[in-house]
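**Student:** I'd like to ask some things about the structure below.
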Amino acid sequence: MPVVTLEFEKPIAELEAKLTEWESLTSSSHIDASEEIAALKTKIEKMKKATYGALTPWQRVQLARHPNRPYTLDYIERICSDFLEFHGDRRFADDPAIVGGFAKIDGRPVMVIGTQKGRNTKENVLRNFGCPHPEGYRKALRLMKLADMARVPIVTFIDTPGAFPGVAAEERHIGEAIAVNLRDMFSFGVPIICVVIGEGGSGGALAIGVGNKVLIMENAYYSVITPEGCAAILWKDRAYSAKAAEALKLTAADLYKLKLVDGIVEEPLGGAHKDYDSAADHLKKAVLDALKEFESYTPEELRDHRYQRFRNVKFYSEPSKSKEKSEAPAEK
């Protein structure tokens, strides 16, 4: 895959280019520059920690959308064995934007389902840029029902900017498909573990996100709307996307603080795309820990736990000016 450098990563990339030059010079001319190389490596490491340790919400969004970031199938390849993919919703068609099937994680059977993006133009057209159609969500529900009948835990990987908003999706009732998924996911008597691995956009993400445990990767985001969409509505200008990202409180740290997610999965320094295997190891451990937590629950306890988890999601509202005025003490 081609190297993609984000705007805020350019100072680091420049130092890494210099390091490559020094190392090349040392090997070609036999000049001892070990001290300079060591100092440069130390400087790069410090700059990386400073940069990635203080990312803005908008920079997190950029990392969540990084074209080299691992997608659902990349994680399945690394943490699962015996993956048997299923296709079709048995009503209309197969939607490649959602993949799923039976698999094993450390020998434990699971039903794994996730949204899938493409790496190039051809793949993105096939996967519809990770934006599922109604048949994608119906396929996901079909597989969840199969898992429930087989008494197998469900693991979902969320990475979508949102459900496909086109006319064709509306004609085939995208809203109804999402609503049915939300309703039925509360009824299953098996553990459901959901992980936001990249973008978590609105109902398109929530349609496979009703779980006993909802986790999010360190540089992923989860939001009712994309920053660009929010900026276009509130400020009539997408140039305010960074401001919107800040206001939406969509980062993993914000969501954990608000108790909208139950845990944060650590990523390699610089993002999951820097080291697929390390990112997959952290994800696998988080999923296995979550599955172990619910292995002794009865079906009824799992349903009740899932219901209470979402009922306990708090809300925040600002008092209206009229209410503030009415509650103000009367002047004497």
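By order in the structure tokens, chains are A, B, ...; within a chain, residues start at 1; ligands start at 1, following the order shown.
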For Ala205 of chain A, find every residue with an atom within 10 Å (counting only C-alpha atoms), except residues of its own chain fewer than 4 positions away, and show them as a PDB file with C-alpha atoms, in the first residue's frame.
**Tutor:**
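Here's the written file result_4.pdb:
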ATOM      1  CA  GLY A 114     -18.586  -6.258  10.336  1.00  0.00           C
ATOM      2  CA  THR A 115     -18.720  -3.410   7.870  1.00  0.00           C
ATOM      3  CA  CYS A 131     -21.980   2.268   3.472  1.00  0.00           C
ATOM      4  CA  PRO A 132     -24.397  -0.684   3.718  1.00  0.00           C
ATOM      5  CA  PHE A 157     -16.803  -4.766  13.992  1.00  0.00           C
ATOM      6  CA  ILE A 158     -18.100  -1.294  13.145  1.00  0.00           C
ATOM      7  CA  ASP A 159     -16.396   0.850  10.506  1.00  0.00           C
ATOM      8  CA  THR A 160     -18.813   2.912   8.429  1.00  0.00           C
ATOM      9  CA  PRO A 161     -19.467   6.609   7.791  1.00  0.00           C
ATOM     10  CA  GLY A 162     -23.157   5.648   7.826  1.00  0.00           C
ATOM     11  CA  ALA A 163     -25.808   3.678   6.000  1.00  0.00           C
ATOM     12  CA  ILE A 178     -31.981  -0.438  10.831  1.00  0.00           C
ATOM     13  CA  VAL A 196     -15.864   0.403  16.726  1.00  0.00           C
ATOM     14  CA  GLU A 199     -15.681   5.162  11.760  1.00  0.00           C
ATOM     15  CA  GLY A 200     -18.883   4.778  13.738  1.00  0.00           C
ATOM     16  CA  GLY A 201     -21.400   6.820  11.815  1.00  0.00           C
ATOM     17  CA  GLY A 209     -23.917  -1.915  17.649  1.00  0.00           C
ATOM     18  CA  VAL A 210     -26.442  -3.051  20.270  1.00  0.00           C
ATOM     19  CA  TYR A 222     -18.508   7.151  17.157  1.00  0.00           C
ATOM     20  CA  SER A 223     -21.012   9.878  16.404  1.00  0.00           C
ATOM     21  CA  VAL A 224     -24.593  10.666  15.469  1.00  0.00           C
TER      22      VAL A 224
END
**Student:** Which residues, written as a PyMOL selection string, have at least one atom at most 6 Å from segment 238-250 of chain A, with only C-alpha atoms counted and residues fewer than 3 positions away on the same chain left out?
**Tutor:** chain A and resi 57-58+221-223+227-228+231-232+254
**Student:** Taking N, CA, C and O atoms for each residue, export the selection above as a compact mmCIF listing (two decimals), in the first residue's frame.
**Tutor:**
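Printed below is out_38.txt as written:
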# COMPACT_ATOMS: atom_id res chain seq x y z
N PRO A 57 -9.66 16.19 18.25
CA PRO A 57 -10.71 15.30 17.76
C PRO A 57 -10.70 15.16 16.23
O PRO A 57 -10.91 14.06 15.71
N TRP A 58 -10.45 16.24 15.51
CA TRP A 58 -10.44 16.18 14.05
C TRP A 58 -9.28 15.31 13.56
O TRP A 58 -9.42 14.58 12.57
N TYR A 221 -13.81 6.75 16.01
CA TYR A 221 -14.80 7.70 16.51
C TYR A 221 -16.20 7.13 16.34
O TYR A 221 -16.44 6.28 15.49
N TYR A 222 -17.13 7.63 17.15
CA TYR A 222 -18.51 7.15 17.16
C TYR A 222 -19.40 8.37 17.33
O TYR A 222 -19.27 9.09 18.32
N SER A 223 -20.28 8.62 16.38
CA SER A 223 -21.01 9.88 16.40
C SER A 223 -22.35 9.77 15.69
O SER A 223 -22.53 8.95 14.79
N PRO A 227 -18.45 14.86 11.20
CA PRO A 227 -18.13 16.28 11.43
C PRO A 227 -18.49 17.16 10.25
O PRO A 227 -18.97 18.28 10.43
N GLU A 228 -18.27 16.65 9.02
CA GLU A 228 -18.61 17.44 7.83
C GLU A 228 -20.11 17.70 7.75
O GLU A 228 -20.56 18.81 7.42
N ALA A 231 -21.05 20.26 10.41
CA ALA A 231 -20.62 21.60 10.02
C ALA A 231 -21.52 22.18 8.93
O ALA A 231 -21.84 23.38 8.95
N ALA A 232 -21.93 21.33 8.00
CA ALA A 232 -22.80 21.79 6.91
C ALA A 232 -24.17 22.23 7.44
O ALA A 232 -24.77 23.18 6.91
N ASP A 254 -13.64 10.79 25.03
CA ASP A 254 -14.89 11.49 25.35
C ASP A 254 -16.03 10.51 25.57
O ASP A 254 -16.82 10.64 26.51
**Student:** Contacts between segment 262-279 of chain A and segment 133-221 of chain A, please, where a residue of segment 133-221 of chain A counts if it comes within 7 Å (with only C-alpha atoms); show its shortest atom pair and distance in Å to one decimal, rows by chain and ascending number, as a tab-separated table.
**Tutor:**
residue	atom	partner	partner_atom	distance
A:Lys213	CA	A:Asp262	CA	6.2
A:Val214	CA	A:Asp262	CA	5.5
A:Leu215	CA	A:Gly263	CA	4.9
A:Ile216	CA	A:Ile264	CA	5.1
A:Met217	CA	A:Val265	CA	4.5
A:Glu218	CA	A:Glu266	CA	5.4
A:Asn219	CA	A:Gly271	CA	6.6
**Student:** Can I get the selected residues back with N, CA, C and O atoms, as a PDB file, in the first residue's frame?
**Tutor:**
ATOM      1  N   LYS A 213     -21.461  -5.406  25.519  1.00  0.00           N
ATOM      2  CA  LYS A 213     -20.216  -4.654  25.716  1.00  0.00           C
ATOM      3  C   LYS A 213     -19.925  -3.918  24.423  1.00  0.00           C
ATOM      4  O   LYS A 213     -19.869  -4.524  23.339  1.00  0.00           O
ATOM      5  N   VAL A 214     -19.753  -2.602  24.509  1.00  0.00           N
ATOM      6  CA  VAL A 214     -19.409  -1.788  23.346  1.00  0.00           C
ATOM      7  C   VAL A 214     -18.032  -1.196  23.579  1.00  0.00           C
ATOM      8  O   VAL A 214     -17.825  -0.411  24.519  1.00  0.00           O
ATOM      9  N   LEU A 215     -17.090  -1.601  22.735  1.00  0.00           N
ATOM     10  CA  LEU A 215     -15.703  -1.136  22.841  1.00  0.00           C
ATOM     11  C   LEU A 215     -15.376  -0.236  21.664  1.00  0.00           C
ATOM     12  O   LEU A 215     -16.062  -0.250  20.641  1.00  0.00           O
ATOM     13  N   ILE A 216     -14.325   0.548  21.795  1.00  0.00           N
ATOM     14  CA  ILE A 216     -13.894   1.413  20.706  1.00  0.00           C
ATOM     15  C   ILE A 216     -12.374   1.458  20.674  1.00  0.00           C
ATOM     16  O   ILE A 216     -11.726   1.477  21.724  1.00  0.00           O
ATOM     17  N   MET A 217     -11.813   1.431  19.495  1.00  0.00           N
ATOM     18  CA  MET A 217     -10.364   1.508  19.365  1.00  0.00           C
ATOM     19  C   MET A 217      -9.913   2.943  19.605  1.00  0.00           C
ATOM     20  O   MET A 217     -10.662   3.905  19.397  1.00  0.00           O
ATOM     21  N   GLU A 218      -8.687   3.079  20.037  1.00  0.00           N
ATOM     22  CA  GLU A 218      -8.162   4.357  20.525  1.00  0.00           C
ATOM     23  C   GLU A 218      -8.352   5.515  19.554  1.00  0.00           C
ATOM     24  O   GLU A 218      -8.661   6.640  19.959  1.00  0.00           O
ATOM     25  N   ASN A 219      -8.157   5.269  18.274  1.00  0.00           N
ATOM     26  CA  ASN A 219      -8.248   6.338  17.282  1.00  0.00           C
ATOM     27  C   ASN A 219      -9.493   6.241  16.410  1.00  0.00           C
ATOM     28  O   ASN A 219      -9.548   6.819  15.324  1.00  0.00           O
TER      29      ASN A 219
END
**Student:** Going by DSSP on the backbone, which residues of segment 101-266 of chain A come out as alpha helix (DSSP H)? List them as an MDAnalysis selection string.
**Tutor:** chainID A and resid 121:127 134:150 167:171 174:185 202:206 227:234 241:248 252:257
**Student:** Between A:Lys139, A:Lys41, A:His66, A:Gln308, single out the one closest to Val4 of chain A, counting only C-alpha atoms.
**Tutor:**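 Closest to Val4 of chain A of all the choices is A:His66.
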**Student:** Write out as JSON lines a residue-level contact list of segment 140-219 of chain A versus segment 91-111 of chain A with cut-off 9 Å: for each qualifying residue the closest pair of atoms and the distance in Å to one decimal, counting only C-alpha atoms, rows sorted by chain and residue number upward.
**Tutor:**
{"residue": "A:Ala140", "atom": "CA", "partner": "A:Gly100", "partner_atom": "CA", "distance": 7.1}
{"residue": "A:Leu143", "atom": "CA", "partner": "A:Gly101", "partner_atom": "CA", "distance": 7.0}
{"residue": "A:Met144", "atom": "CA", "partner": "A:Met111", "partner_atom": "CA", "distance": 7.3}
{"residue": "A:Leu146", "atom": "CA", "partner": "A:Met111", "partner_atom": "CA", "distance": 8.7}
{"residue": "A:Ala147", "atom": "CA", "partner": "A:Met111", "partner_atom": "CA", "distance": 6.1}
{"residue": "A:Val152", "atom": "CA", "partner": "A:Val110", "partner_atom": "CA", "distance": 5.5}
{"residue": "A:Pro153", "atom": "CA", "partner": "A:Val110", "partner_atom": "CA", "distance": 5.1}
{"residue": "A:Ile154", "atom": "CA", "partner": "A:Met111", "partner_atom": "CA", "distance": 4.8}
{"residue": "A:Val155", "atom": "CA", "partner": "A:Met111", "partner_atom": "CA", "distance": 6.1}
{"residue": "A:Thr156", "atom": "CA", "partner": "A:Met111", "partner_atom": "CA", "distance": 8.3}
{"residue": "A:Thr160", "atom": "CA", "partner": "A:Ala97", "partner_atom": "CA", "distance": 9.0}
